[in-house]
$ cat upload-v1.txt   # compact mmCIF, C-alpha atoms
# COMPACT_ATOMS: atom_id res chain seq x y z
CA MET A 1 25.35 33.42 -78.46
CA ARG A 2 23.89 36.11 -80.75
CA VAL A 3 25.21 34.36 -83.84
CA GLY A 4 24.10 30.94 -82.62
CA ASP A 5 27.53 29.53 -81.76
CA THR A 6 26.59 28.09 -78.39
CA GLU A 7 29.59 25.75 -78.27
CA SER A 8 32.11 28.60 -78.50
CA ALA A 9 30.09 30.53 -75.94
CA MET A 10 30.21 27.60 -73.49
CA TRP A 11 33.95 27.18 -74.01
CA GLY A 12 34.28 30.88 -73.22
CA LEU A 13 32.44 30.39 -69.94
CA TRP A 14 34.60 27.36 -69.22
CA CYS A 15 37.70 29.50 -69.71
CA GLU A 16 36.33 32.13 -67.34
CA ALA A 17 35.73 29.57 -64.60
CA SER A 18 38.99 27.69 -65.22
CA PHE A 19 41.15 30.80 -65.26
CA SER A 20 39.45 31.97 -62.07
CA HIS A 21 40.35 28.62 -60.52
CA TYR A 22 44.01 28.67 -61.55
CA SER A 23 44.45 32.29 -60.55
CA ALA A 24 43.27 31.16 -57.09
CA LYS A 25 40.04 33.06 -56.72
CA LYS A 26 38.09 31.92 -53.68
CA LEU A 27 36.99 28.36 -54.27
CA SER A 28 33.37 29.02 -53.32
CA ASP A 29 33.15 31.73 -55.99
CA VAL A 30 34.76 29.49 -58.62
CA ASP A 31 32.42 26.66 -57.66
CA GLU A 32 29.47 28.91 -58.40
CA LEU A 33 30.94 29.86 -61.79
CA PHE A 34 31.31 26.20 -62.74
CA ARG A 35 27.88 25.30 -61.37
CA SER A 36 26.17 27.97 -63.45
CA HIS A 37 28.26 27.14 -66.51
CA MET A 38 27.45 23.43 -66.26
CA LEU A 39 23.72 24.16 -66.13
CA SER A 40 24.07 26.07 -69.39
CA CYS A 41 26.03 23.19 -70.94
CA ARG A 42 23.22 20.80 -70.06
CA GLU A 43 20.64 23.22 -71.47
CA TYR A 44 22.48 23.29 -74.81
CA GLU A 45 23.32 19.56 -74.69
CA LEU A 46 27.08 20.09 -74.79
CA GLU A 47 28.10 17.02 -72.82
CA GLY A 48 31.82 17.18 -73.63
CA ILE A 49 32.20 20.66 -72.17
CA TRP A 50 30.00 19.71 -69.22
CA ALA A 51 32.18 16.66 -68.55
CA THR A 52 35.38 18.71 -68.63
CA SER A 53 33.95 21.29 -66.25
CA ALA A 54 32.64 18.58 -63.94
CA VAL A 55 36.18 17.38 -63.27
CA HIS A 56 37.31 20.84 -62.20
CA ARG A 57 34.24 21.36 -60.05
CA GLN A 58 34.72 18.05 -58.25
CA GLN A 59 38.34 19.00 -57.58
CA ILE A 60 37.17 22.29 -56.09
CA LEU A 61 34.69 20.53 -53.81
CA ASN A 62 37.38 18.08 -52.74
CA LEU A 63 39.76 20.92 -51.87
CA MET A 64 36.99 22.59 -49.89
CA GLY A 65 36.58 19.42 -47.85
CA ARG A 66 33.30 18.36 -49.44
CA GLY A 67 34.47 14.91 -50.51
CA ASP A 68 35.16 11.68 -48.67
CA ASP A 69 38.69 11.44 -50.07
CA PRO A 70 40.44 14.49 -51.56
CA LEU A 71 42.50 12.24 -53.84
CA ILE A 72 39.51 10.62 -55.51
CA LEU A 73 37.28 12.68 -57.81
CA THR A 74 34.07 11.22 -56.52
CA GLY A 75 31.38 13.22 -54.80
CA ASP A 76 28.39 15.45 -55.50
CA VAL A 77 29.35 16.09 -59.14
CA ILE A 78 30.93 12.95 -60.59
CA ASN A 79 32.08 9.44 -59.83
CA GLU A 80 35.73 9.31 -60.93
CA GLU A 81 35.69 5.71 -62.14
CA ASP A 82 32.47 6.11 -64.12
CA HIS A 83 33.49 9.48 -65.53
CA LEU A 84 36.83 8.17 -66.75
CA ALA A 85 35.23 5.07 -68.28
CA TRP A 86 32.67 7.23 -70.10
CA ALA A 87 35.44 9.49 -71.48
CA GLN A 88 37.56 6.53 -72.57
CA ASN A 89 34.64 4.78 -74.27
CA GLY A 90 33.83 7.96 -76.17
CA ASN A 91 37.49 8.73 -76.94
CA MET A 92 37.08 12.10 -75.19
CA GLN A 93 40.80 12.84 -75.02
CA MET A 94 40.46 16.29 -73.50
CA VAL A 95 38.30 14.99 -70.66
CA ILE A 96 40.76 12.15 -70.05
CA THR A 97 43.71 14.54 -69.99
CA VAL A 98 41.95 16.89 -67.57
CA ILE A 99 41.03 14.00 -65.26
CA TYR A 100 44.61 12.78 -65.00
CA ASN A 101 46.12 16.25 -64.65
CA VAL A 102 43.72 17.04 -61.83
CA ARG A 103 44.55 13.70 -60.20
CA ILE A 104 48.24 14.61 -60.40
CA GLU A 105 47.54 17.96 -58.74
CA GLN A 106 45.51 16.38 -55.96
CA ALA A 107 48.09 13.68 -55.33
CA TYR A 108 50.84 16.29 -55.10
CA TYR A 109 48.82 18.55 -52.82
CA PHE A 110 48.30 15.67 -50.41
CA HIS A 111 51.89 14.38 -50.60
CA GLU A 112 51.18 11.21 -52.57
CA TYR A 113 54.09 11.80 -54.92
CA GLU A 114 54.47 8.24 -56.19
CA LYS A 115 50.78 8.07 -56.99
CA ALA A 116 51.06 11.34 -58.91
CA ALA A 117 54.01 9.97 -60.88
CA GLU A 118 52.02 6.86 -61.86
CA PHE A 119 49.56 9.03 -63.79
CA PHE A 120 52.10 10.62 -66.16
CA ASP A 121 51.90 7.88 -68.77
CA CYS A 122 48.12 7.41 -68.62
CA PHE A 123 47.06 10.17 -71.02
CA LEU A 124 48.03 12.26 -74.01
CA PRO A 125 49.92 15.41 -73.01
CA GLY A 126 48.09 18.70 -73.08
CA GLU A 127 50.18 19.95 -75.98
CA LYS A 128 48.31 17.41 -78.12
CA THR A 129 44.81 17.66 -76.66
CA TYR A 130 44.64 21.44 -76.12
CA PRO A 131 47.71 23.02 -77.77
CA GLY A 132 48.48 26.62 -76.89
CA SER A 133 46.36 26.55 -73.74
CA PHE A 134 47.41 28.08 -70.43
CA PHE A 135 46.62 24.71 -68.86
CA ASN A 136 49.84 23.38 -70.35
CA VAL A 137 51.67 25.92 -68.19
CA ARG A 138 49.91 24.71 -65.04
CA ASN A 139 50.46 21.10 -66.00
CA ALA A 140 54.17 21.79 -66.48
CA LEU A 141 54.42 23.25 -62.98
CA PHE A 142 53.03 20.11 -61.38
CA GLU A 143 55.02 17.81 -63.64
CA GLY A 144 58.16 19.58 -62.48
CA LEU A 145 57.16 19.55 -58.81
CA VAL A 146 56.32 15.85 -58.90
CA SER A 147 59.53 15.01 -60.77
CA PHE A 148 61.77 16.76 -58.25
CA ALA A 149 59.84 15.20 -55.36
CA MET A 150 60.31 11.77 -56.92
CA ALA A 151 64.04 12.43 -57.36
CA SER A 152 64.33 12.32 -53.58
CA ILE A 153 62.46 9.01 -53.39
CA LYS A 154 63.80 6.79 -56.18
CA ASP A 155 65.38 6.76 -59.65
CA HIS A 156 67.10 10.07 -58.87
CA ARG A 157 68.77 10.44 -62.25
CA HIS A 158 65.59 9.72 -64.25
CA TRP A 159 63.42 12.13 -62.30
CA MET A 160 66.03 14.88 -62.18
CA LYS A 161 66.30 14.65 -65.95
CA ARG A 162 62.54 14.93 -66.34
CA GLY A 163 62.29 17.81 -63.88
CA SER A 164 65.16 19.65 -65.55
CA SER A 165 63.42 19.26 -68.92
CA VAL A 166 60.31 20.93 -67.52
CA LEU A 167 62.43 23.65 -65.93
CA LYS A 168 64.03 24.37 -69.29
CA LYS A 169 60.58 24.74 -70.86
CA VAL A 170 59.38 27.14 -68.15
CA ARG A 171 62.57 29.17 -68.45
CA LYS A 172 61.85 29.65 -72.16
CA TRP A 173 58.33 30.85 -71.37
CA VAL A 174 59.67 33.42 -68.90
CA LYS A 175 62.29 34.57 -71.39
CA ALA A 176 59.53 34.97 -73.98
CA GLY A 177 57.76 37.37 -71.61
CA ASN A 178 55.08 35.23 -69.91
CA PRO A 179 54.55 36.93 -66.51
CA ASN A 180 52.44 34.02 -65.22
CA CYS A 181 55.50 31.78 -65.25
CA VAL A 182 57.90 33.94 -63.22
CA HIS A 183 57.00 32.45 -59.84
CA MET A 184 56.79 28.97 -61.38
CA LEU A 185 60.38 29.26 -62.58
CA SER A 186 61.75 30.24 -59.17
CA PHE A 187 59.60 27.54 -57.52
CA LEU A 188 60.97 24.80 -59.76
CA GLN A 189 64.50 26.16 -59.34
CA ALA A 190 64.04 25.88 -55.58
CA GLU A 191 62.84 22.30 -55.87
CA GLU A 192 65.69 21.36 -58.21
CA ALA A 193 68.24 22.89 -55.84
CA LEU A 194 66.72 21.08 -52.85
CA ALA A 195 66.81 17.77 -54.71
CA ARG A 196 70.50 18.38 -55.50
CA GLY A 197 71.29 19.40 -51.92
CA ARG A 198 72.10 22.99 -52.87
CA MET A 199 70.49 24.48 -49.79
CA LYS A 200 71.57 28.12 -50.20
CA VAL A 201 70.20 28.26 -53.73
CA ALA A 202 66.98 26.56 -52.64
CA GLU A 203 66.51 29.05 -49.79
CA THR A 204 66.94 32.01 -52.12
CA LYS A 205 64.54 30.61 -54.71
CA TYR A 206 61.83 29.73 -52.19
CA GLY A 207 62.03 33.29 -50.93
CA GLU A 208 61.72 34.66 -54.46
CA THR A 209 58.69 32.44 -55.08
CA ILE A 210 56.89 33.65 -51.97
CA VAL A 211 57.57 37.30 -52.89
CA ALA A 212 56.31 36.73 -56.44
CA THR A 213 53.13 34.93 -55.37
CA SER A 214 52.43 37.61 -52.78
CA ARG A 215 52.57 40.17 -55.58
CA ASN A 216 50.53 38.27 -58.17
CA GLY A 217 47.90 37.15 -55.65
CA ILE A 218 47.89 33.45 -56.54
CA ALA A 219 47.08 32.19 -53.05
CA SER A 220 47.24 28.51 -54.01
CA ASP A 221 50.84 28.73 -55.22
CA LYS A 222 51.79 30.99 -52.32
CA ALA A 223 50.44 28.39 -49.93
CA LEU A 224 52.28 25.60 -51.71
CA ALA A 225 55.55 27.58 -51.69
CA HIS A 226 55.28 28.19 -47.95
CA GLU A 227 54.49 24.51 -47.45
CA ARG A 228 57.57 23.44 -49.38
CA TYR A 229 59.69 26.04 -47.56
CA CYS A 230 58.53 24.40 -44.34
CA ALA A 231 59.83 21.05 -45.65
CA PHE A 232 63.11 22.77 -46.54
CA PHE A 233 63.62 24.03 -42.98
CA LEU A 234 62.67 20.66 -41.51
CA LYS A 235 65.38 19.10 -43.67
CA LYS A 236 67.79 21.60 -42.13
CA GLY A 237 66.52 20.79 -38.62
CA ASP A 238 65.17 24.31 -38.09
CA LYS A 239 61.77 23.81 -36.46
CA TYR A 240 61.25 27.50 -35.70
CA TRP A 241 61.19 28.58 -39.35
CA ALA A 242 59.44 25.39 -40.36
CA ARG A 243 56.58 26.30 -38.05
CA HIS A 244 56.54 29.87 -39.35
CA HIS A 245 56.12 28.72 -42.93
CA VAL A 246 53.56 26.01 -42.24
CA GLU A 247 51.47 28.62 -40.41
CA LYS A 248 51.78 30.90 -43.44
CA ALA A 249 50.78 28.01 -45.69
CA ILE A 250 47.73 27.23 -43.56
CA GLN A 251 46.61 30.86 -43.68
CA ALA A 252 47.03 31.02 -47.46
CA TYR A 253 45.04 27.81 -47.90
CA LYS A 254 42.34 29.29 -45.64
CA ASP A 255 42.27 32.40 -47.82
CA TRP A 256 41.79 30.13 -50.84
CA GLU A 257 39.11 28.19 -48.91
CA ALA A 258 40.97 24.89 -49.36
CA HIS A 259 39.78 23.50 -46.04
CA ALA A 260 40.86 19.94 -46.82
CA LYS A 261 44.44 21.17 -47.24
CA VAL A 262 44.22 23.10 -43.98
CA ASP A 263 43.14 19.94 -42.17
CA HIS A 264 45.89 17.97 -43.90
CA LEU A 265 48.64 20.36 -42.79
CA VAL A 266 47.30 20.73 -39.26
CA GLU A 267 47.36 16.95 -38.87
CA LYS A 268 50.73 16.40 -40.57
CA TYR A 269 52.52 19.14 -38.63
CA ARG A 270 50.62 18.87 -35.36
CA ALA A 271 53.81 18.38 -33.34
CA ILE A 272 55.46 21.51 -34.75
CA LEU A 273 52.33 23.63 -34.47
CA SER A 274 51.79 22.64 -30.83
CA GLN A 275 55.23 23.85 -29.76
CA VAL A 276 55.37 27.03 -27.72
CA LYS A 277 57.16 29.80 -29.56
$ encode --input "upload-v1.txt" --output "structure tokens"
Amino acid sequence: MRVGDTESAMWGLWCEASFSHYSAKKLSDVDELFRSHMLSCREYELEGIWATSAVHRQQILNLMGRGDDPLILTGDVINEEDHLAWAQNGNMQMVITVIYNVRIEQAYYFHEYEKAAEFFDCFLPGEKTYPGSFFNVRNALFEGLVSFAMASIKDHRHWMKRGSSVLKKVRKWVKAGNPNCVHMLSFLQAEEALARGRMKVAETKYGETIVATSRNGIASDKALAHERYCAFFLKKGDKYWARHHVEKAIQAYKDWEAHAKVDHLVEKYRAILSQVK
């Protein structure tokens, strides 16, 4: 700001808010960071940065339960259809990429795996729109999770190949020394093993993921790992441990302030949660 480079300054604030979001700081605190940042973007007439931040903020509000439909990025901040049309008309590739990646995340969170998969071919990959960014790491995680989920639904060979390709990429990042990818690697290994029916490997890797996310404090990924571990035990017919892990997932989502996800899990697993221990 002192040298007059307001655009770089606003991107710096965007990074602060975005990294706070993906490191699973409390959603209400991250919402305030984005709100303040977006006001500054409007003051300096930086509409592209404002538009990118608006997508993240609407996702946050949706996760907090402040949207009519958590899957649709429409609410107090933006209208998804209008926002996407504006970005496409202006060839705002970064905004478009962020919109679709957030839609993939939301669809996965709320178990709409086929809908998430439909979005993969709708945008340029992050490596082209924001090369070298940490967001490519997060995008890879959800691409892998969606791929392995899809492998259990249809086109098993195609989706296993895609998921394995992502897993190979994450493994390279871990080998290169990226500590933020350690839990992502074990998470994707668990999902790959589950999709292949290798239950012992899956059980070990889910456990490793939960330990790693407990240490690094990323409540969102800890919640998601517990949620998927619940699905693992249900597949085995073990309702006791399934209930244990869905309760852990609910608590972690509460800690993150993702109230829409809490409501989603309570409704989906009502029968298990109502059982007397």
$ residues_around --input "upload-v1.txt" --residues "segment 271-273 of chain A" --least-positions-apart "2" --cutoff "7 Å" --atoms "all atoms listed in the file" --output "MDAnalysis selection string"
chainID A and resid 239 243 269 275
$ residues_around --input "upload-v1.txt" --residues "segment 122-128 of chain A" --least-positions-apart "5" --cutoff "9 Å" --atoms "all atoms listed in the file" --output "list in words"
Gln93, Met94, Ile96, Thr97, Val98, Tyr100, Asn101, Ser133, Phe135, Asn136 and Asn139 of chain A
$ closest_atom_pairs --input "upload-v1.txt" --of "segment 27-111 of chain A" --to "segment 146-153 of chain A" --cutoff "10 Å" --atoms "all atoms listed in the file" --output "CSV"
residue,atom,partner,partner_atom,distance
A:Ile104,CA,A:Val146,CA,8.3
A:Glu105,CA,A:Val146,CA,9.0
A:Ala107,CA,A:Val146,CA,9.2
A:Tyr108,CA,A:Val146,CA,6.7
A:His111,CA,A:Ala149,CA,9.3
$ atom_distance --input "upload-v1.txt" --atom1 "atom CA of His245 of chain A" --atom2 "atom CA of Arg228 of chain A"
8.5 Å
$ residues_around --input "upload-v1.txt" --residues "Leu61 of chain A" --least-positions-apart "5" --cutoff "9 Å" --atoms "only C-alpha atoms" --output "PyMOL selection string"
chain A and resi 27-28+31+56+66-67+70+75-77+258
$ residues_near_point --input "upload-v1.txt" --point "(31.3, 17.1, -65.3)" --cutoff "10 Å" --atoms "only C-alpha atoms" --output "ChimeraX atom specification"
/A:34-35,38,41,47-58,77-80,83,95
$ closest_residue --input "upload-v1.txt" --among "A:Asp255, A:Glu247, A:Glu203, A:Glu208" --to "Phe233 of chain A" --atoms "all atoms listed in the file"
A:Glu203
$ atom_distance --input "upload-v1.txt" --atom1 "atom CA of Ser164 of chain A" --atom2 "atom CA of Glu112 of chain A"
20.9 Å
$ closest_residue --input "upload-v1.txt" --among "A:Asp69, A:Glu143, A:Asp221, A:Glu114" --to "Leu167 of chain A" --atoms "only C-alpha atoms"
A:Glu143
$ atom_distance --input "upload-v1.txt" --atom1 "atom CA of Trp159 of chain A" --atom2 "atom CA of Ser23 of chain A"
27.7 Å
$ residues_around --input "upload-v1.txt" --residues "Lys235 of chain A" --least-positions-apart "4" --cutoff "12 Å" --atoms "all atoms listed in the file" --output "list in words"
Leu194, Ala195, Gly197, Met199, Ala202, Glu203, Arg228, Tyr229, Cys230, Ala231, Lys239, Trp241 and Ala242 of chain A
$ axis_aligned_box --input "upload-v1.txt" --around "segment 227-241 of chain A" --padding-each-side "3 Å" --output "JSON"
{"center_x": 61.1, "center_y": 23.8, "center_z": -42.5, "size_x": 19.3, "size_y": 15.5, "size_z": 19.7}
$ closest_residue --input "upload-v1.txt" --among "A:Tyr44, A:Trp256, A:Phe232, A:Phe142" --to "Ser8 of chain A" --atoms "only C-alpha atoms"
A:Tyr44
$ residues_around --input "upload-v1.txt" --residues "segment 168-176 of chain A" --least-positions-apart "4" --cutoff "12 Å" --atoms "only C-alpha atoms" --output "ChimeraX atom specification"
/A:134,136-144,161-164,180-189,192
$ write_last_selection --input "upload-v1.txt" --atoms "C-alpha atoms" --output "short mmCIF file (atom, residue, chain, number, x, y, z; two decimals), in the frame of the given file"
data_model
loop_
_atom_site.label_atom_id
_atom_site.label_comp_id
_atom_site.auth_asym_id
_atom_site.auth_seq_id
_atom_site.Cartn_x
_atom_site.Cartn_y
_atom_site.Cartn_z
CA PHE A 134 47.41 28.08 -70.43
CA ASN A 136 49.84 23.38 -70.35
CA VAL A 137 51.67 25.92 -68.19
CA ARG A 138 49.91 24.71 -65.04
CA ASN A 139 50.46 21.10 -66.00
CA ALA A 140 54.17 21.79 -66.48
CA LEU A 141 54.42 23.25 -62.98
CA PHE A 142 53.03 20.11 -61.38
CA GLU A 143 55.02 17.81 -63.64
CA GLY A 144 58.16 19.58 -62.48
CA LYS A 161 66.30 14.65 -65.95
CA ARG A 162 62.54 14.93 -66.34
CA GLY A 163 62.29 17.81 -63.88
CA SER A 164 65.16 19.65 -65.55
CA ASN A 180 52.44 34.02 -65.22
CA CYS A 181 55.50 31.78 -65.25
CA VAL A 182 57.90 33.94 -63.22
CA HIS A 183 57.00 32.45 -59.84
CA MET A 184 56.79 28.97 -61.38
CA LEU A 185 60.38 29.26 -62.58
CA SER A 186 61.75 30.24 -59.17
CA PHE A 187 59.60 27.54 -57.52
CA LEU A 188 60.97 24.80 -59.76
CA GLN A 189 64.50 26.16 -59.34
CA GLU A 192 65.69 21.36 -58.21
#
$ closest_residue --input "upload-v1.txt" --among "A:Asn178, A:Arg103, A:Ser20, A:Gly132" --to "Phe120 of chain A" --atoms "only C-alpha atoms"
A:Arg103
$ closest_residue --input "upload-v1.txt" --among "A:Gly237, A:Gly65, A:Pro131, A:Pro179" --to "Asp263 of chain A" --atoms "all atoms listed in the file"
A:Gly65
$ closest_residue --input "upload-v1.txt" --among "A:His37, A:Gly217, A:Gly90, A:Leu63" --to "His259 of chain A" --atoms "all atoms listed in the file"
A:Leu63
